[in-house]
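So this one's data_29.csv, CSV, C-alpha atoms (C1' of nucleotides):
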chain,number,residue,atom,x,y,z
A,1,MET,CA,-39.8,5.0,-80.3
A,2,ASN,CA,-39.8,8.1,-82.4
A,3,GLY,CA,-36.5,9.4,-83.5
A,4,PRO,CA,-35.7,13.1,-83.2
A,5,SER,CA,-38.2,15.4,-84.9
A,6,GLU,CA,-37.1,17.4,-87.9
A,7,PHE,CA,-36.9,20.6,-85.9
A,8,GLU,CA,-34.7,18.9,-83.3
A,9,ARG,CA,-32.5,17.5,-86.0
A,10,ARG,CA,-32.2,20.9,-87.6
A,11,VAL,CA,-31.3,22.6,-84.3
A,12,ILE,CA,-28.6,20.0,-83.6
A,13,ALA,CA,-27.2,20.4,-87.1
A,14,ALA,CA,-27.1,24.2,-86.7
A,15,VAL,CA,-25.3,24.0,-83.3
A,16,ARG,CA,-23.0,21.4,-84.7
A,17,ARG,CA,-21.8,23.8,-87.5
A,18,ILE,CA,-20.9,26.6,-85.1
A,19,PRO,CA,-17.2,27.0,-85.7
A,20,PRO,CA,-14.8,27.0,-82.7
A,21,GLY,CA,-14.1,30.3,-81.2
A,22,ARG,CA,-17.5,31.4,-82.3
A,23,VAL,CA,-20.8,31.4,-80.5
A,24,ALA,CA,-24.5,31.7,-81.4
A,25,THR,CA,-27.5,32.7,-79.4
A,26,TYR,CA,-30.5,30.4,-78.9
A,27,GLY,CA,-32.5,32.8,-81.1
A,28,ASP,CA,-29.8,32.4,-83.9
A,29,VAL,CA,-30.0,28.6,-83.7
A,30,ALA,CA,-33.8,28.8,-83.7
A,31,ALA,CA,-33.6,31.0,-86.8
A,32,LEU,CA,-31.2,28.5,-88.5
A,33,ALA,CA,-33.7,25.8,-87.6
A,34,GLY,CA,-36.4,27.8,-89.4
A,35,LYS,CA,-38.2,29.1,-86.3
A,36,PRO,CA,-36.6,32.4,-85.2
A,37,ARG,CA,-39.2,32.6,-82.4
A,38,ALA,CA,-38.5,29.2,-81.0
A,39,ALA,CA,-35.4,30.1,-78.9
A,40,ARG,CA,-37.1,28.7,-75.9
A,41,ALA,CA,-37.8,25.4,-77.6
A,42,VAL,CA,-34.1,25.3,-78.7
A,43,GLY,CA,-33.1,25.6,-75.0
A,44,ASN,CA,-35.4,22.7,-74.2
A,45,ILE,CA,-33.8,20.6,-76.9
A,46,MET,CA,-30.3,21.4,-75.6
A,47,ARG,CA,-31.4,20.4,-72.2
A,48,THR,CA,-32.9,17.1,-73.2
A,49,ALA,CA,-30.7,16.2,-76.1
A,50,GLY,CA,-27.3,16.2,-74.4
A,51,VAL,CA,-25.8,14.7,-77.6
A,52,PRO,CA,-22.0,14.3,-77.5
A,53,GLY,CA,-20.2,16.0,-80.3
A,54,VAL,CA,-22.6,19.0,-80.2
A,55,PRO,CA,-20.8,22.1,-78.9
A,56,CYS,CA,-23.9,23.2,-76.9
A,57,HIS,CA,-21.5,25.3,-74.8
A,58,ARG,CA,-21.3,27.7,-77.8
A,59,VAL,CA,-24.9,28.4,-77.5
A,60,ILE,CA,-25.7,31.3,-75.2
A,61,GLY,CA,-28.5,33.8,-74.4
A,62,ALA,CA,-29.0,36.9,-76.5
A,63,GLY,CA,-28.1,39.3,-73.7
A,64,GLY,CA,-25.0,37.2,-73.0
A,65,ALA,CA,-26.8,35.0,-70.5
A,66,ILE,CA,-24.7,31.9,-70.2
A,67,GLY,CA,-27.9,29.9,-69.6
A,68,GLY,CA,-27.2,26.6,-68.0
A,69,PHE,CA,-25.0,23.5,-68.5
A,70,GLY,CA,-26.5,20.9,-66.3
A,71,GLY,CA,-25.8,23.3,-63.5
A,72,ASN,CA,-22.1,23.5,-64.4
A,73,VAL,CA,-22.2,27.1,-65.6
A,74,GLN,CA,-18.6,27.4,-64.4
A,75,MET,CA,-17.5,24.6,-66.8
A,76,LYS,CA,-19.4,26.2,-69.7
A,77,ARG,CA,-17.5,29.4,-69.0
A,78,GLU,CA,-14.2,27.6,-68.9
A,79,LEU,CA,-14.9,25.9,-72.2
A,80,LEU,CA,-15.7,29.2,-73.8
A,81,ARG,CA,-12.6,30.7,-72.4
A,82,ALA,CA,-10.6,27.8,-73.7
A,83,GLU,CA,-11.8,28.8,-77.2
A,84,GLY,CA,-10.4,32.2,-76.8
A,85,ILE,CA,-13.5,33.9,-75.6
A,86,GLU,CA,-12.8,36.0,-72.5
A,87,VAL,CA,-15.8,36.3,-70.3
A,88,GLY,CA,-16.6,38.5,-67.4
A,89,ILE,CA,-19.1,38.1,-64.6
A,90,GLY,CA,-22.2,40.3,-64.7
A,91,ARG,CA,-25.8,39.7,-64.0
A,92,VAL,CA,-28.7,39.4,-66.5
A,93,ARG,CA,-32.1,38.6,-65.0
A,94,GLY,CA,-30.5,36.7,-62.2
A,95,PHE,CA,-28.2,34.7,-64.6
A,96,GLU,CA,-24.5,35.1,-65.2
A,97,ARG,CA,-23.7,37.3,-68.0
A,98,LEU,CA,-20.7,37.3,-70.4
A,99,ARG,CA,-18.9,40.5,-71.0
A,100,TRP,CA,-18.3,39.7,-74.7
A,101,ARG,CA,-21.1,40.4,-77.1
A,102,PRO,CA,-22.8,37.7,-79.2
A,103,THR,CA,-22.4,37.9,-82.9
A,104,ARG,CA,-26.2,38.0,-83.4
A,105,ARG,CA,-26.8,36.0,-86.6
A,106,ALA,CA,-24.5,33.0,-87.2
L,1,DA,C1',-56.5,16.8,-76.2
L,2,DA,C1',-55.2,19.8,-72.3
L,3,DT,C1',-51.8,21.6,-69.2
L,4,DC,C1',-47.1,22.4,-67.5
L,5,DT,C1',-42.4,23.3,-68.1
L,6,DG,C1',-38.1,25.9,-69.3
L,7,DA,C1',-30.4,26.2,-71.2
L,8,DC,C1',-35.3,32.4,-74.3
L,9,DT,C1',-36.3,37.4,-75.6
L,10,DG,C1',-38.1,42.1,-75.7
L,11,DT,C1',-40.4,45.6,-73.0
L,12,DT,C1',-41.5,48.1,-68.6
L,13,DG,C1',-40.8,49.8,-64.1
V,1,DC,C1',-28.0,49.0,-64.5
V,2,DC,C1',-31.2,45.5,-62.4
V,3,DA,C1',-35.7,43.2,-61.5
V,4,DA,C1',-40.2,41.9,-62.9
V,5,DC,C1',-43.9,40.9,-66.6
V,6,DA,C1',-45.6,39.2,-70.7
V,7,DG,C1',-45.3,36.7,-75.2
V,8,DC,C1',-43.9,32.6,-77.9
V,9,DC,C1',-42.6,27.6,-79.0
V,10,DA,C1',-41.7,22.7,-79.1
V,11,DG,C1',-41.6,18.8,-76.1
V,12,DA,C1',-43.2,16.0,-72.1
V,13,DT,C1',-46.8,14.4,-68.9

So, in terms of structure tokens, how does the structure I just supplied come out?
Amino acid sequence: MNGPSEFERRVIAAVRRIPPGRVATYGDVAALAGKPRAARAVGNIMRTAGVPGVPCHRVIGAGGAIGGFGGNVQMKRELLRAEGIEVGIGRVRGFERLRWRPTRRA
DNA sequence: AATCTGACTGTTG
DNA sequence: CCAACAGCCAGAT
């Protein structure tokens, strides 16, 4: 059984070092992993990994799209709010959108 | 090895 | 401002 690939490990490490109260976009994490264009792959890893201790709820879409959270988007929003990030409800390509603006570049 | 999928993103209409 | 389309990427089947 193959362990996590280097890319996956890098992505997890990047997400892991996102400080509380701060967030990063999938593109930012991808860039930190060395592939600024692999935002989609990052999302896939978040979806499959599900590693405890990784604040995956701090990773959001570039336009403020909250993405997913095992379908518990509400919980993800609550977690972000618990970290002092007030979010509003909007709509970005059919997904929920946060009112706050991502830092763009961790 | 080829094909499909999707927690993305930027551009167009 | 919102919806749809196209482009890109790594992992899974």

Problem - One-decimal distance in Å that lies between atom C1' of DC5 of chain V and atom CA of Arg97 of chain A - result: 20.6 Å

Exercise for the section: Could you pull out every residue with an atom within 12 Å of (-19.3, 27.3, -65.7), file coordinates, counting all atoms listed in the file, and send them as a count of residues only? Expected result: 26

Practice task
At a cut-off of 12 Å, list the chain A residues touching chain V, using all atoms listed in the file, as a list of chain:residue names.
Solution key: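 My answer is A:Pro4, A:Ser5, A:Glu6, A:Phe7, A:Glu8, A:Val11, A:Gly27, A:Ala30, A:Lys35, A:Pro36, A:Arg37, A:Ala38, A:Ala39, A:Arg40, A:Ala41, A:Val42, A:Gly43, A:Asn44, A:Ile45, A:Met46, A:Arg47, A:Thr48, A:Ala49, A:Gly90, A:Arg91, A:Val92, A:Arg93, A:Gly94, A:Phe95.
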
Exercise for the section: For chain A, work out the contacting residues on chain L at 10 Å, counting only C-alpha atoms (C1' of nucleotides), and write them as a PyMOL selection string. Expected result: chain L and resi 5-9

Write the residues of the preceding selection, restricted to C-alpha atoms (C1' of nucleotides), as an mmCIF file, in the frame of the given file.
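File written: result_4.cif
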data_model
loop_
_atom_site.group_PDB
_atom_site.id
_atom_site.type_symbol
_atom_site.label_atom_id
_atom_site.label_comp_id
_atom_site.auth_asym_id
_atom_site.auth_seq_id
_atom_site.Cartn_x
_atom_site.Cartn_y
_atom_site.Cartn_z
ATOM 1 C "C1'" DT L 5 -42.400 23.300 -68.100
ATOM 2 C "C1'" DG L 6 -38.100 25.900 -69.300
ATOM 3 C "C1'" DA L 7 -30.400 26.200 -71.200
ATOM 4 C "C1'" DC L 8 -35.300 32.400 -74.300
ATOM 5 C "C1'" DT L 9 -36.300 37.400 -75.600
#

Can you sort out the box for segment 3-13 of chain L, edges along x, y and z, all listed atoms in, 6 Å on every side, with centre and edge lengths in Å to one decimal, as JSON?
{"center_x": -41.1, "center_y": 35.7, "center_z": -69.9, "size_x": 33.4, "size_y": 40.2, "size_z": 23.6}

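When atom CA of Arg9 of chain A is paired with atom CA of Glu83 of chain A, their separation reads 25.2 Å.
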
Exercise for the section: Measure the distance from atom CA of Gly53 of chain A to atom CA of Leu32 of chain A in Å and round it to one decimal. Expected result: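 Interatomic distance here is 18.6 Å.
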